[in-house]
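Structure data (mmCIF, C-alpha atoms and all ligand atoms) from query32.cif:
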data_query
loop_
_atom_site.label_atom_id
_atom_site.label_comp_id
_atom_site.auth_asym_id
_atom_site.auth_seq_id
_atom_site.Cartn_x
_atom_site.Cartn_y
_atom_site.Cartn_z
CA MET A 1 23.20 -69.34 2.51
CA ILE A 2 21.57 -70.02 5.89
CA GLU A 3 19.79 -73.24 6.78
CA LEU A 4 17.86 -73.75 10.00
CA ASP A 5 17.03 -77.32 10.72
CA ARG A 6 14.53 -78.14 13.51
CA ILE A 7 15.70 -75.38 15.85
CA THR A 8 14.43 -75.80 19.38
CA LYS A 9 15.18 -73.37 22.20
CA SER A 10 14.06 -73.33 25.82
CA TYR A 11 14.51 -70.79 28.56
CA GLY A 12 14.53 -73.00 31.66
CA PRO A 13 11.48 -75.24 31.47
CA ILE A 14 9.73 -73.10 28.85
CA GLU A 15 10.25 -74.02 25.23
CA VAL A 16 10.00 -70.88 23.08
CA LEU A 17 11.09 -72.25 19.69
CA HIS A 18 9.49 -75.50 18.61
CA GLY A 19 11.50 -77.01 15.76
CA ILE A 20 11.91 -74.16 13.27
CA ASP A 21 12.98 -75.06 9.72
CA ALA A 22 13.96 -72.42 7.16
CA ARG A 23 16.34 -71.89 4.29
CA VAL A 24 17.55 -68.47 3.20
CA ASP A 25 18.94 -68.19 -0.31
CA GLU A 26 21.89 -66.08 -1.37
CA GLY A 27 20.96 -62.56 -2.48
CA GLU A 28 17.48 -62.42 -0.95
CA VAL A 29 15.97 -60.16 1.69
CA PHE A 30 14.38 -62.59 4.12
CA ALA A 31 12.06 -61.10 6.73
CA ILE A 32 10.92 -62.71 9.96
CA ILE A 33 7.67 -61.33 11.33
CA GLY A 34 5.20 -62.26 14.04
CA PRO A 35 3.44 -60.81 17.06
CA ASN A 36 5.28 -59.88 20.27
CA GLY A 37 6.70 -62.94 21.99
CA ALA A 38 6.53 -65.08 18.82
CA GLY A 39 10.23 -65.97 19.15
CA LYS A 40 11.73 -63.79 16.40
CA THR A 41 14.54 -62.33 18.51
CA THR A 42 15.29 -65.71 20.05
CA LEU A 43 15.61 -67.26 16.60
CA PHE A 44 17.75 -64.32 15.54
CA LYS A 45 20.07 -64.89 18.50
CA VAL A 46 20.34 -68.57 17.66
CA MET A 47 21.47 -67.54 14.17
CA THR A 48 24.02 -65.01 15.43
CA GLY A 49 25.34 -67.28 18.18
CA GLU A 50 24.29 -65.08 21.11
CA SER A 51 22.03 -67.94 22.19
CA LEU A 52 22.63 -71.61 21.60
CA ALA A 53 19.84 -73.85 20.37
CA ASN A 54 18.89 -76.79 22.58
CA ALA A 55 18.45 -78.91 19.50
CA GLY A 56 18.68 -78.48 15.76
CA THR A 57 21.32 -77.18 13.37
CA VAL A 58 22.31 -73.77 11.97
CA ARG A 59 24.31 -73.89 8.75
CA PHE A 60 26.01 -70.95 7.07
CA ASP A 61 27.05 -71.56 3.49
CA GLY A 62 27.04 -75.29 4.15
CA GLN A 63 29.13 -75.06 7.32
CA ASP A 64 27.64 -76.17 10.64
CA VAL A 65 27.87 -73.09 12.92
CA THR A 66 25.41 -74.25 15.58
CA ARG A 67 28.01 -74.15 18.37
CA MET A 68 30.27 -71.46 16.90
CA PRO A 69 30.65 -68.32 19.10
CA PRO A 70 29.35 -64.99 17.70
CA HIS A 71 32.75 -63.41 16.91
CA LEU A 72 33.74 -66.37 14.76
CA ARG A 73 30.40 -66.24 12.92
CA ILE A 74 31.04 -62.55 12.23
CA ARG A 75 34.53 -63.37 10.98
CA ALA A 76 33.04 -66.07 8.76
CA GLY A 77 30.81 -63.44 7.11
CA MET A 78 27.69 -63.14 9.27
CA GLY A 79 27.33 -59.42 10.11
CA ARG A 80 24.60 -58.13 12.38
CA THR A 81 23.02 -54.92 13.64
CA PHE A 82 21.04 -54.50 16.86
CA GLN A 83 17.65 -53.03 17.79
CA VAL A 84 19.52 -50.34 19.69
CA ALA A 85 22.65 -49.42 17.74
CA ARG A 86 25.89 -50.65 19.27
CA VAL A 87 28.78 -48.35 18.39
CA PHE A 88 31.82 -47.09 20.30
CA ASN A 89 30.44 -43.94 21.92
CA PRO A 90 33.74 -42.20 22.76
CA LEU A 91 35.05 -42.55 19.18
CA THR A 92 34.17 -40.35 16.24
CA ALA A 93 31.96 -41.76 13.49
CA LEU A 94 35.04 -42.06 11.26
CA ASP A 95 37.10 -43.87 13.92
CA ASN A 96 34.25 -46.33 14.48
CA VAL A 97 34.39 -47.35 10.83
CA VAL A 98 38.20 -47.24 10.68
CA THR A 99 38.35 -49.59 13.68
CA ALA A 100 36.00 -52.04 11.97
CA ILE A 101 38.03 -51.98 8.76
CA GLU A 102 41.22 -52.53 10.74
CA ALA A 103 39.64 -55.43 12.61
CA ARG A 104 38.70 -57.02 9.29
CA LYS A 105 42.17 -56.53 7.85
CA ARG A 106 43.84 -57.91 10.97
CA ALA A 107 41.57 -60.95 10.95
CA GLN A 108 42.64 -61.49 7.35
CA GLY A 109 46.28 -61.01 8.42
CA ARG A 110 46.82 -58.10 6.07
CA THR A 111 46.68 -54.95 8.15
CA ASP A 112 48.41 -51.90 6.73
CA HIS A 113 48.09 -50.05 10.01
CA ALA A 114 50.84 -50.44 12.62
CA TRP A 115 49.37 -50.84 16.09
CA TRP A 116 51.29 -47.84 17.39
CA ALA A 117 50.21 -45.55 14.52
CA ILE A 118 47.90 -42.70 15.47
CA ARG A 119 46.34 -42.18 12.05
CA PRO A 120 44.81 -44.79 9.79
CA SER A 121 46.46 -45.54 6.47
CA ALA A 122 45.15 -43.63 3.44
CA PRO A 123 43.34 -46.69 1.94
CA THR A 124 41.63 -47.43 5.25
CA ARG A 125 40.58 -43.81 5.67
CA ASP A 126 39.27 -43.63 2.10
CA GLU A 127 37.30 -46.82 2.53
CA ALA A 128 35.86 -45.55 5.83
CA MET A 129 34.87 -42.22 4.28
CA GLY A 130 33.27 -44.09 1.35
CA LEU A 131 31.15 -46.12 3.76
CA LEU A 132 30.17 -43.01 5.71
CA GLU A 133 29.18 -41.32 2.45
CA GLY A 134 27.17 -44.41 1.57
CA VAL A 135 25.12 -44.10 4.74
CA THR A 136 24.92 -40.28 4.37
CA LEU A 137 27.10 -39.58 7.40
CA ALA A 138 30.20 -38.14 5.71
CA GLY A 139 29.34 -34.66 7.01
CA LYS A 140 29.37 -36.00 10.57
CA ALA A 141 32.57 -38.05 10.30
CA LYS A 142 34.32 -36.06 13.02
CA MET A 143 31.40 -36.13 15.43
CA GLN A 144 31.62 -38.33 18.48
CA ALA A 145 29.24 -41.30 18.14
CA ALA A 146 27.68 -40.45 21.50
CA ASP A 147 26.48 -37.12 20.07
CA LEU A 148 24.71 -38.60 17.03
CA SER A 149 20.93 -38.93 16.83
CA HIS A 150 19.24 -42.35 17.08
CA GLY A 151 18.82 -42.58 13.30
CA ASP A 152 22.42 -41.52 12.65
CA ARG A 153 23.71 -44.07 15.14
CA LYS A 154 21.79 -46.80 13.30
CA ARG A 155 23.33 -45.62 10.03
CA LEU A 156 26.77 -45.59 11.63
CA GLU A 157 26.26 -49.10 12.96
CA LEU A 158 25.34 -50.21 9.46
CA ALA A 159 28.53 -48.66 8.06
CA VAL A 160 30.56 -50.38 10.81
CA THR A 161 28.90 -53.71 10.01
CA LEU A 162 29.42 -53.31 6.26
CA ALA A 163 33.09 -52.53 6.95
CA GLY A 164 33.42 -56.18 7.95
CA ARG A 165 32.29 -57.13 4.39
CA PRO A 166 29.63 -59.58 5.57
CA ARG A 167 28.03 -62.07 3.21
CA VAL A 168 24.90 -62.19 5.32
CA LEU A 169 23.64 -59.04 7.00
CA MET A 170 21.31 -59.77 9.91
CA MET A 171 19.29 -56.79 11.06
CA ASP A 172 17.15 -56.95 14.18
CA GLU A 173 14.39 -54.36 13.70
CA PRO A 174 16.44 -51.87 11.68
CA THR A 175 13.75 -49.18 11.91
CA ALA A 176 12.86 -49.64 15.60
CA GLY A 177 12.06 -46.33 17.28
CA MET A 178 12.44 -44.27 14.09
CA SER A 179 10.26 -41.60 12.55
CA PRO A 180 8.45 -42.45 9.27
CA VAL A 181 10.99 -40.31 7.35
CA ASP A 182 13.94 -42.11 8.94
CA ARG A 183 12.27 -45.47 8.26
CA GLU A 184 11.97 -44.67 4.59
CA GLN A 185 15.63 -43.64 4.52
CA VAL A 186 16.67 -46.91 6.15
CA SER A 187 14.61 -48.89 3.60
CA HIS A 188 16.31 -46.95 0.83
CA LEU A 189 19.68 -47.67 2.42
CA ILE A 190 19.01 -51.41 2.63
CA ARG A 191 18.10 -51.39 -1.06
CA ARG A 192 21.42 -49.66 -1.78
CA VAL A 193 23.29 -52.11 0.42
CA MET A 194 22.02 -54.92 -1.78
CA LYS A 195 23.24 -53.29 -4.99
CA PRO A 196 26.84 -53.59 -6.20
CA GLU A 197 29.10 -50.51 -6.10
CA THR A 198 29.17 -50.47 -9.89
CA GLU A 199 25.41 -49.73 -9.89
CA GLY A 200 25.61 -47.02 -7.23
CA GLY A 201 25.13 -49.49 -4.38
CA LEU A 202 27.25 -50.40 -1.37
CA SER A 203 28.04 -54.06 -1.97
CA ALA A 204 31.63 -54.92 -2.81
CA PRO A 205 32.17 -55.97 -6.45
CA GLY A 206 31.22 -59.58 -7.09
CA GLN A 207 29.47 -59.82 -3.75
CA LYS A 208 25.90 -61.00 -3.46
CA LEU A 209 24.72 -59.88 -0.06
CA THR A 210 21.93 -61.68 1.75
CA VAL A 211 19.80 -59.81 4.29
CA ILE A 212 17.83 -61.39 7.12
CA MET A 213 15.71 -59.00 9.14
CA THR A 214 13.06 -58.93 11.82
CA GLU A 215 10.73 -55.97 11.62
CA HIS A 216 7.38 -54.79 12.93
CA ASP A 217 6.71 -52.17 10.28
CA MET A 218 4.74 -53.85 7.49
CA SER A 219 5.40 -51.14 4.92
CA VAL A 220 9.15 -51.62 5.41
CA ILE A 221 8.74 -55.41 5.09
CA PHE A 222 6.54 -55.30 2.00
CA GLY A 223 8.82 -52.78 0.33
CA LEU A 224 11.98 -54.81 0.87
CA ALA A 225 11.47 -58.50 1.45
CA SER A 226 11.68 -61.18 -1.19
CA ARG A 227 10.28 -63.80 1.20
CA ILE A 228 8.70 -63.65 4.61
CA MET A 229 8.58 -66.16 7.45
CA VAL A 230 5.72 -65.67 9.89
CA MET A 231 6.11 -66.95 13.43
CA ASN A 232 3.57 -67.37 16.16
CA GLN A 233 4.12 -68.88 19.61
CA GLY A 234 7.51 -70.28 18.69
CA LYS A 235 6.33 -71.96 15.51
CA ARG A 236 6.65 -71.13 11.85
CA ILE A 237 3.12 -70.63 10.58
CA ALA A 238 3.94 -69.50 7.03
CA LEU A 239 6.89 -68.96 4.74
CA GLY A 240 6.75 -67.66 1.21
CA PRO A 241 6.86 -64.72 -1.20
CA VAL A 242 5.37 -61.42 -0.02
CA GLU A 243 2.12 -61.73 -1.99
CA ASP A 244 1.43 -65.24 -0.70
CA ILE A 245 1.93 -64.08 2.86
CA ARG A 246 -0.33 -61.05 2.41
CA ASN A 247 -3.11 -63.28 1.18
CA ASP A 248 -2.56 -66.26 3.48
CA PRO A 249 -5.80 -66.70 5.46
CA HIS A 250 -3.97 -68.36 8.37
CA VAL A 251 -1.56 -65.45 8.66
CA ARG A 252 -4.43 -62.97 8.54
CA GLU A 253 -6.36 -64.86 11.15
CA VAL A 254 -3.63 -65.83 13.60
CA TYR A 255 -1.07 -63.09 13.34
CA LEU A 256 -2.86 -60.16 11.77
CA GLY A 257 -6.03 -60.41 13.77
CA LYS A 258 -6.10 -56.71 14.46
CA GLU A 259 -8.02 -54.56 12.01
CA ASP A 260 -5.30 -51.90 11.70
CA GLN A 261 -2.80 -54.54 10.65
CA HIS A 262 -5.29 -55.90 8.11
CA GLU A 263 -5.34 -52.43 6.63
CA GLU A 264 -1.55 -52.43 6.39
CA LEU A 265 -1.65 -55.79 4.63
CA ASP A 266 -4.15 -54.45 2.13
CA ALA A 267 -2.36 -51.14 1.59
N1 LIG B 301 16.12 -64.53 28.39
C1 LIG B 301 14.89 -65.00 28.46
N2 LIG B 301 14.48 -65.76 29.53
C2 LIG B 301 13.24 -66.27 29.59
N3 LIG B 301 12.29 -66.10 28.64
C3 LIG B 301 12.63 -65.37 27.56
C4 LIG B 301 13.93 -64.77 27.41
N4 LIG B 301 13.97 -64.11 26.22
C5 LIG B 301 12.75 -64.27 25.67
N5 LIG B 301 11.96 -65.03 26.47
C6 LIG B 301 10.58 -65.42 26.18
O1 LIG B 301 10.62 -66.12 24.94
C7 LIG B 301 9.47 -65.82 24.17
C8 LIG B 301 9.92 -65.30 22.81
O2 LIG B 301 10.54 -64.03 22.99
P1 LIG B 301 11.23 -63.23 21.80
O3 LIG B 301 11.87 -62.01 22.39
O4 LIG B 301 12.09 -64.14 21.02
O5 LIG B 301 9.97 -62.83 20.92
P2 LIG B 301 9.86 -61.75 19.76
O6 LIG B 301 9.02 -62.38 18.71
O7 LIG B 301 11.20 -61.28 19.36
O8 LIG B 301 9.06 -60.58 20.46
P3 LIG B 301 9.16 -58.98 20.22
O9 LIG B 301 8.50 -58.73 18.91
O10 LIG B 301 8.37 -58.43 21.38
O11 LIG B 301 10.62 -58.59 20.25
C9 LIG B 301 8.66 -64.80 24.97
O12 LIG B 301 7.65 -65.52 25.65
C10 LIG B 301 9.66 -64.24 25.94
O13 LIG B 301 9.03 -63.84 27.13
#

What do you get writing this file as C-alpha cells?
Ligand SMILES: Nc1ncnc2c1ncn2[C@@H]1O[C@H](COP(=O)(O)OP(=O)(O)OP(=O)(O)O)[C@@H](O)[C@H]1O
Amino acid sequence: MIELDRITKSYGPIEVLHGIDARVDEGEVFAIIGPNGAGKTTLFKVMTGESLANAGTVRFDGQDVTRMPPHLRIRAGMGRTFQVARVFNPLTALDNVVTAIEARKRAQGRTDHAWWAIRPSAPTRDEAMGLLEGVTLAGKAKMQAADLSHGDRKRLELAVTLAGRPRVLMMDEPTAGMSPVDREQVSHLIRRVMKPETEGGLSAPGQKLTVIMTEHDMSVIFGLASRIMVMNQGKRIALGPVEDIRNDPHVREVYLGKEDQHEELDA
C-alpha cells in the first residue's frame, strides 16, 4: 500500500533521515516508534507530502507520489490526523463532518448539495451523523468544535478524516496529551475503524483500511500494531512483528535504554 524507498531528508546542512526503506501492506496497523528526535514526524511528513524528501521515493498503491502535494495525496486516499487536532473551530461538530463529506463528493464530481443551500442533503446528514455516532460524538453534534474537549476534538478529527473515505489512515500520535481512559477509548476506536460496517466497525463495505501511526505510548502500540518500525537518529534500526520488536536486543539497548520503558516492553 505504501512503499518508502531510500528516503533521505535534510534540514539545511543536517541530514535527519538517512535512507529509510519500508513497505506497509494493505490492512495492517503499522507503527513507527523511536526516541525523541529519531525522525518519526519528519518521515510522516514525507509520507503526507507536507515535507519533500531530498532523495528517495514514496509510492502509494504503486503510484509514485514523492512530489505530489498533500491535498492530492488526500484525494488519492491518504487521510491523516495531527498531533493537535485540526478541525474548523467556528463550525459545529456536525458541520465539520458534513463539510468533509461534501468535499469528498465534490472531488468525485457527484455532490448532491447545491453551493447556495443552507442545509446539507439528507444522505449527507445521515452519513455525518453515522460517523459522529461511530466516534461517540452524536450527542455533541450541535456543539461548536471550539468548545469540545481535547479528546473530543481528536475524535471529531477522526470522523472528519474518515468522511474522506481514506484507504490509508495516517495518525501522528493519536493519543498525545490524553488521559489513560481517553487513550484506551482511542485504541478501541482505531480497532473499530479497521473493522467493516457489517461487523460493527467503521470501514466502508469492501474497504480494507491501512493505518500508519507514530506513538509514544507502548501499551497503545502493543495493543494495536501488526508490525513496528523502530527509528533512531534518522535510521531504521528494526522492523517486524510486535513480538520480534519486544525481544530485539538492539531495540532494547538503543531505543529502550531506560528501565521504565523496559518494564513497558515486558508488561
Ligand atoms: N523544521 C525543522 N528544521 C530543522 N530541524 C528540524 C526540523 N524539524 C525537525 N528537525 C530536526 O530533525 C530531527 C528529527 O525530528 P523529528 O521531529 O522528525 O523527530 P521525532 O522522532 O518525530 O521526535 P518526537 O518524538 O520528539 O516528535 C530532530 O533532530 C529535529 O530537531

- Message: Using all atoms listed in the file, which residues have at least one atom no more than 6 Å from ligand LIG 301 (chain B)? Output them as a ChimeraX atom specification.
- Response: /A:11,16,35-42

- Query: If we count only C-alpha atoms, what is near Phe82 (chain A) at a cut-off of 8 Å, once residues fewer than 3 positions away on the same chain are taken out, given as a PyMOL selection string?
  - Reply: chain A and resi 85-86+171-174

- Query: What gap, in Å, lies between CA of Pro166 (chain A) and CA of Gly77 (chain A)?
  - Reply: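 These atoms are spaced 4.3 Å apart.
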
- Note on the structure: Residue with the minimum atom-to-atom distance to Leu148 (chain A), picked from A:Gly19, A:Glu50, A:Gly79, A:Val87 with all atoms listed in the file counted, is A:Val87

- Extract, using only C-alpha atoms, all DNA, RNA and protein residues at most 12 Å from region 236-246 of chain A, discarding same-chain residues fewer than 5 positions from it, and format them as a PyMOL selection string. chain A and resi 4+6-8+16-24+28-35+38-40+43+218-231+251-256+261-267

Store the residues picked out above, limited to C-alpha atoms, as an mmCIF file, keeping the file's coordinate frame.
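Produced file again-v2.cif, reproduced below:
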data_model
loop_
_atom_site.group_PDB
_atom_site.id
_atom_site.type_symbol
_atom_site.label_atom_id
_atom_site.label_comp_id
_atom_site.auth_asym_id
_atom_site.auth_seq_id
_atom_site.Cartn_x
_atom_site.Cartn_y
_atom_site.Cartn_z
ATOM 1 C CA LEU A 4 17.860 -73.750 10.000
ATOM 2 C CA ARG A 6 14.530 -78.140 13.510
ATOM 3 C CA ILE A 7 15.700 -75.380 15.850
ATOM 4 C CA THR A 8 14.430 -75.800 19.380
ATOM 5 C CA VAL A 16 10.000 -70.880 23.080
ATOM 6 C CA LEU A 17 11.090 -72.250 19.690
ATOM 7 C CA HIS A 18 9.490 -75.500 18.610
ATOM 8 C CA GLY A 19 11.500 -77.010 15.760
ATOM 9 C CA ILE A 20 11.910 -74.160 13.270
ATOM 10 C CA ASP A 21 12.980 -75.060 9.720
ATOM 11 C CA ALA A 22 13.960 -72.420 7.160
ATOM 12 C CA ARG A 23 16.340 -71.890 4.290
ATOM 13 C CA VAL A 24 17.550 -68.470 3.200
ATOM 14 C CA GLU A 28 17.480 -62.420 -0.950
ATOM 15 C CA VAL A 29 15.970 -60.160 1.690
ATOM 16 C CA PHE A 30 14.380 -62.590 4.120
ATOM 17 C CA ALA A 31 12.060 -61.100 6.730
ATOM 18 C CA ILE A 32 10.920 -62.710 9.960
ATOM 19 C CA ILE A 33 7.670 -61.330 11.330
ATOM 20 C CA GLY A 34 5.200 -62.260 14.040
ATOM 21 C CA PRO A 35 3.440 -60.810 17.060
ATOM 22 C CA ALA A 38 6.530 -65.080 18.820
ATOM 23 C CA GLY A 39 10.230 -65.970 19.150
ATOM 24 C CA LYS A 40 11.730 -63.790 16.400
ATOM 25 C CA LEU A 43 15.610 -67.260 16.600
ATOM 26 C CA MET A 218 4.740 -53.850 7.490
ATOM 27 C CA SER A 219 5.400 -51.140 4.920
ATOM 28 C CA VAL A 220 9.150 -51.620 5.410
ATOM 29 C CA ILE A 221 8.740 -55.410 5.090
ATOM 30 C CA PHE A 222 6.540 -55.300 2.000
ATOM 31 C CA GLY A 223 8.820 -52.780 0.330
ATOM 32 C CA LEU A 224 11.980 -54.810 0.870
ATOM 33 C CA ALA A 225 11.470 -58.500 1.450
ATOM 34 C CA SER A 226 11.680 -61.180 -1.190
ATOM 35 C CA ARG A 227 10.280 -63.800 1.200
ATOM 36 C CA ILE A 228 8.700 -63.650 4.610
ATOM 37 C CA MET A 229 8.580 -66.160 7.450
ATOM 38 C CA VAL A 230 5.720 -65.670 9.890
ATOM 39 C CA MET A 231 6.110 -66.950 13.430
ATOM 40 C CA VAL A 251 -1.560 -65.450 8.660
ATOM 41 C CA ARG A 252 -4.430 -62.970 8.540
ATOM 42 C CA GLU A 253 -6.360 -64.860 11.150
ATOM 43 C CA VAL A 254 -3.630 -65.830 13.600
ATOM 44 C CA TYR A 255 -1.070 -63.090 13.340
ATOM 45 C CA LEU A 256 -2.860 -60.160 11.770
ATOM 46 C CA GLN A 261 -2.800 -54.540 10.650
ATOM 47 C CA HIS A 262 -5.290 -55.900 8.110
ATOM 48 C CA GLU A 263 -5.340 -52.430 6.630
ATOM 49 C CA GLU A 264 -1.550 -52.430 6.390
ATOM 50 C CA LEU A 265 -1.650 -55.790 4.630
ATOM 51 C CA ASP A 266 -4.150 -54.450 2.130
ATOM 52 C CA ALA A 267 -2.360 -51.140 1.590
#

- Query: Do you know which residues are at most 10 Å from Phe88 (chain A) counting only C-alpha atoms, after dropping those on the same chain fewer than 2 positions away, and could you put them as a PyMOL selection string?
  - Reply: chain A and resi 85-86+90-93+95-97+99+144-146+157

- Residue nearest Met178 (chain A) among A:Arg165, A:Lys208, A:His216, A:Arg67 (counting all atoms listed in the file): A:His216

- Counting all atoms listed in the file, which of A:Ala107, A:Val46, A:Ser10, A:Lys195 gets nearest to Pro70 (chain A)?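 Counting all atoms listed in the file, the residue closest to Pro70 (chain A) is A:Val46.
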
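Between CA of Met47 (chain A) and CA of Gly62 (chain A) the interatomic distance comes to 13.8 Å.
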
- Message: As an exercise, work out the distance from CA of Gly201 (chain A) to CA of Thr136 (chain A) in Å and give it to one decimal place.
- Response: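 So the two atoms, CA of Gly201 (chain A) and CA of Thr136 (chain A), lie 12.7 Å apart.
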
- Which is closer to Gly130 (chain A) than all the others in A:Asn54, A:Thr214, A:Ser149, A:Ser203, using all atoms listed in the file? A:Ser203

For region 209-220 of chain A, take all atoms listed in the file, fit an axis-aligned box around them, add 4 Å to each of the six sides, then output centre and edge lengths in Å rounded to one decimal, as AutoDock Vina command-line options.
--center_x 14.7 --center_y -56.4 --center_z 6.4 --size_x 28.0 --size_y 18.5 --size_z 21.0

Could you write region 151-171 of chain A as a PDB file, in the coordinates of the input, with N, CA and C atoms rebuilt where they are missing?
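Output contents, as saved in selection_39.pdb:
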ATOM      1  N   GLY A 151      18.772 -42.150  14.697  1.00  0.00           N
ATOM      2  CA  GLY A 151      18.820 -42.580  13.300  1.00  0.00           C
ATOM      3  C   GLY A 151      20.247 -42.604  12.761  1.00  0.00           C
ATOM      4  N   ASP A 152      21.025 -41.585  13.110  1.00  0.00           N
ATOM      5  CA  ASP A 152      22.420 -41.520  12.650  1.00  0.00           C
ATOM      6  C   ASP A 152      23.255 -42.649  13.252  1.00  0.00           C
ATOM      7  N   ARG A 153      22.970 -42.971  14.500  1.00  0.00           N
ATOM      8  CA  ARG A 153      23.710 -44.070  15.140  1.00  0.00           C
ATOM      9  C   ARG A 153      23.402 -45.396  14.438  1.00  0.00           C
ATOM     10  N   LYS A 154      22.149 -45.568  14.031  1.00  0.00           N
ATOM     11  CA  LYS A 154      21.790 -46.800  13.300  1.00  0.00           C
ATOM     12  C   LYS A 154      22.532 -46.840  11.964  1.00  0.00           C
ATOM     13  N   ARG A 155      22.613 -45.679  11.314  1.00  0.00           N
ATOM     14  CA  ARG A 155      23.330 -45.620  10.030  1.00  0.00           C
ATOM     15  C   ARG A 155      24.822 -45.911  10.245  1.00  0.00           C
ATOM     16  N   LEU A 156      25.356 -45.343  11.330  1.00  0.00           N
ATOM     17  CA  LEU A 156      26.770 -45.590  11.630  1.00  0.00           C
ATOM     18  C   LEU A 156      27.009 -47.071  11.898  1.00  0.00           C
ATOM     19  N   GLU A 157      26.109 -47.670  12.660  1.00  0.00           N
ATOM     20  CA  GLU A 157      26.260 -49.100  12.960  1.00  0.00           C
ATOM     21  C   GLU A 157      26.232 -49.927  11.676  1.00  0.00           C
ATOM     22  N   LEU A 158      25.393 -49.498  10.738  1.00  0.00           N
ATOM     23  CA  LEU A 158      25.340 -50.210   9.460  1.00  0.00           C
ATOM     24  C   LEU A 158      26.664 -50.080   8.715  1.00  0.00           C
ATOM     25  N   ALA A 159      27.232 -48.867   8.721  1.00  0.00           N
ATOM     26  CA  ALA A 159      28.530 -48.660   8.060  1.00  0.00           C
ATOM     27  C   ALA A 159      29.606 -49.521   8.720  1.00  0.00           C
ATOM     28  N   VAL A 160      29.580 -49.576  10.060  1.00  0.00           N
ATOM     29  CA  VAL A 160      30.560 -50.380  10.810  1.00  0.00           C
ATOM     30  C   VAL A 160      30.406 -51.861  10.425  1.00  0.00           C
ATOM     31  N   THR A 161      29.154 -52.297  10.334  1.00  0.00           N
ATOM     32  CA  THR A 161      28.900 -53.710  10.010  1.00  0.00           C
ATOM     33  C   THR A 161      29.341 -54.007   8.581  1.00  0.00           C
ATOM     34  N   LEU A 162      29.030 -53.096   7.660  1.00  0.00           N
ATOM     35  CA  LEU A 162      29.420 -53.310   6.260  1.00  0.00           C
ATOM     36  C   LEU A 162      30.940 -53.301   6.099  1.00  0.00           C
ATOM     37  N   ALA A 163      31.629 -52.573   7.009  1.00  0.00           N
ATOM     38  CA  ALA A 163      33.090 -52.530   6.950  1.00  0.00           C
ATOM     39  C   ALA A 163      33.691 -53.923   7.126  1.00  0.00           C
ATOM     40  N   GLY A 164      32.955 -54.802   7.777  1.00  0.00           N
ATOM     41  CA  GLY A 164      33.420 -56.180   7.950  1.00  0.00           C
ATOM     42  C   GLY A 164      33.193 -57.031   6.707  1.00  0.00           C
ATOM     43  N   ARG A 165      32.607 -56.425   5.644  1.00  0.00           N
ATOM     44  CA  ARG A 165      32.290 -57.130   4.390  1.00  0.00           C
ATOM     45  C   ARG A 165      31.536 -58.441   4.633  1.00  0.00           C
ATOM     46  N   PRO A 166      30.382 -58.346   5.297  1.00  0.00           N
ATOM     47  CA  PRO A 166      29.630 -59.580   5.570  1.00  0.00           C
ATOM     48  C   PRO A 166      29.028 -60.164   4.296  1.00  0.00           C
ATOM     49  N   ARG A 167      28.754 -61.439   4.327  1.00  0.00           N
ATOM     50  CA  ARG A 167      28.030 -62.070   3.210  1.00  0.00           C
ATOM     51  C   ARG A 167      26.557 -62.151   3.548  1.00  0.00           C
ATOM     52  N   VAL A 168      26.285 -62.252   4.858  1.00  0.00           N
ATOM     53  CA  VAL A 168      24.900 -62.190   5.320  1.00  0.00           C
ATOM     54  C   VAL A 168      24.812 -61.033   6.295  1.00  0.00           C
ATOM     55  N   LEU A 169      23.842 -60.172   6.090  1.00  0.00           N
ATOM     56  CA  LEU A 169      23.640 -59.040   7.000  1.00  0.00           C
ATOM     57  C   LEU A 169      22.350 -59.303   7.768  1.00  0.00           C
ATOM     58  N   MET A 170      22.490 -59.476   9.094  1.00  0.00           N
ATOM     59  CA  MET A 170      21.310 -59.770   9.910  1.00  0.00           C
ATOM     60  C   MET A 170      20.927 -58.508  10.677  1.00  0.00           C
ATOM     61  N   MET A 171      19.711 -58.060  10.467  1.00  0.00           N
ATOM     62  CA  MET A 171      19.290 -56.790  11.060  1.00  0.00           C
ATOM     63  C   MET A 171      18.063 -57.030  11.944  1.00  0.00           C
TER      64      MET A 171
END
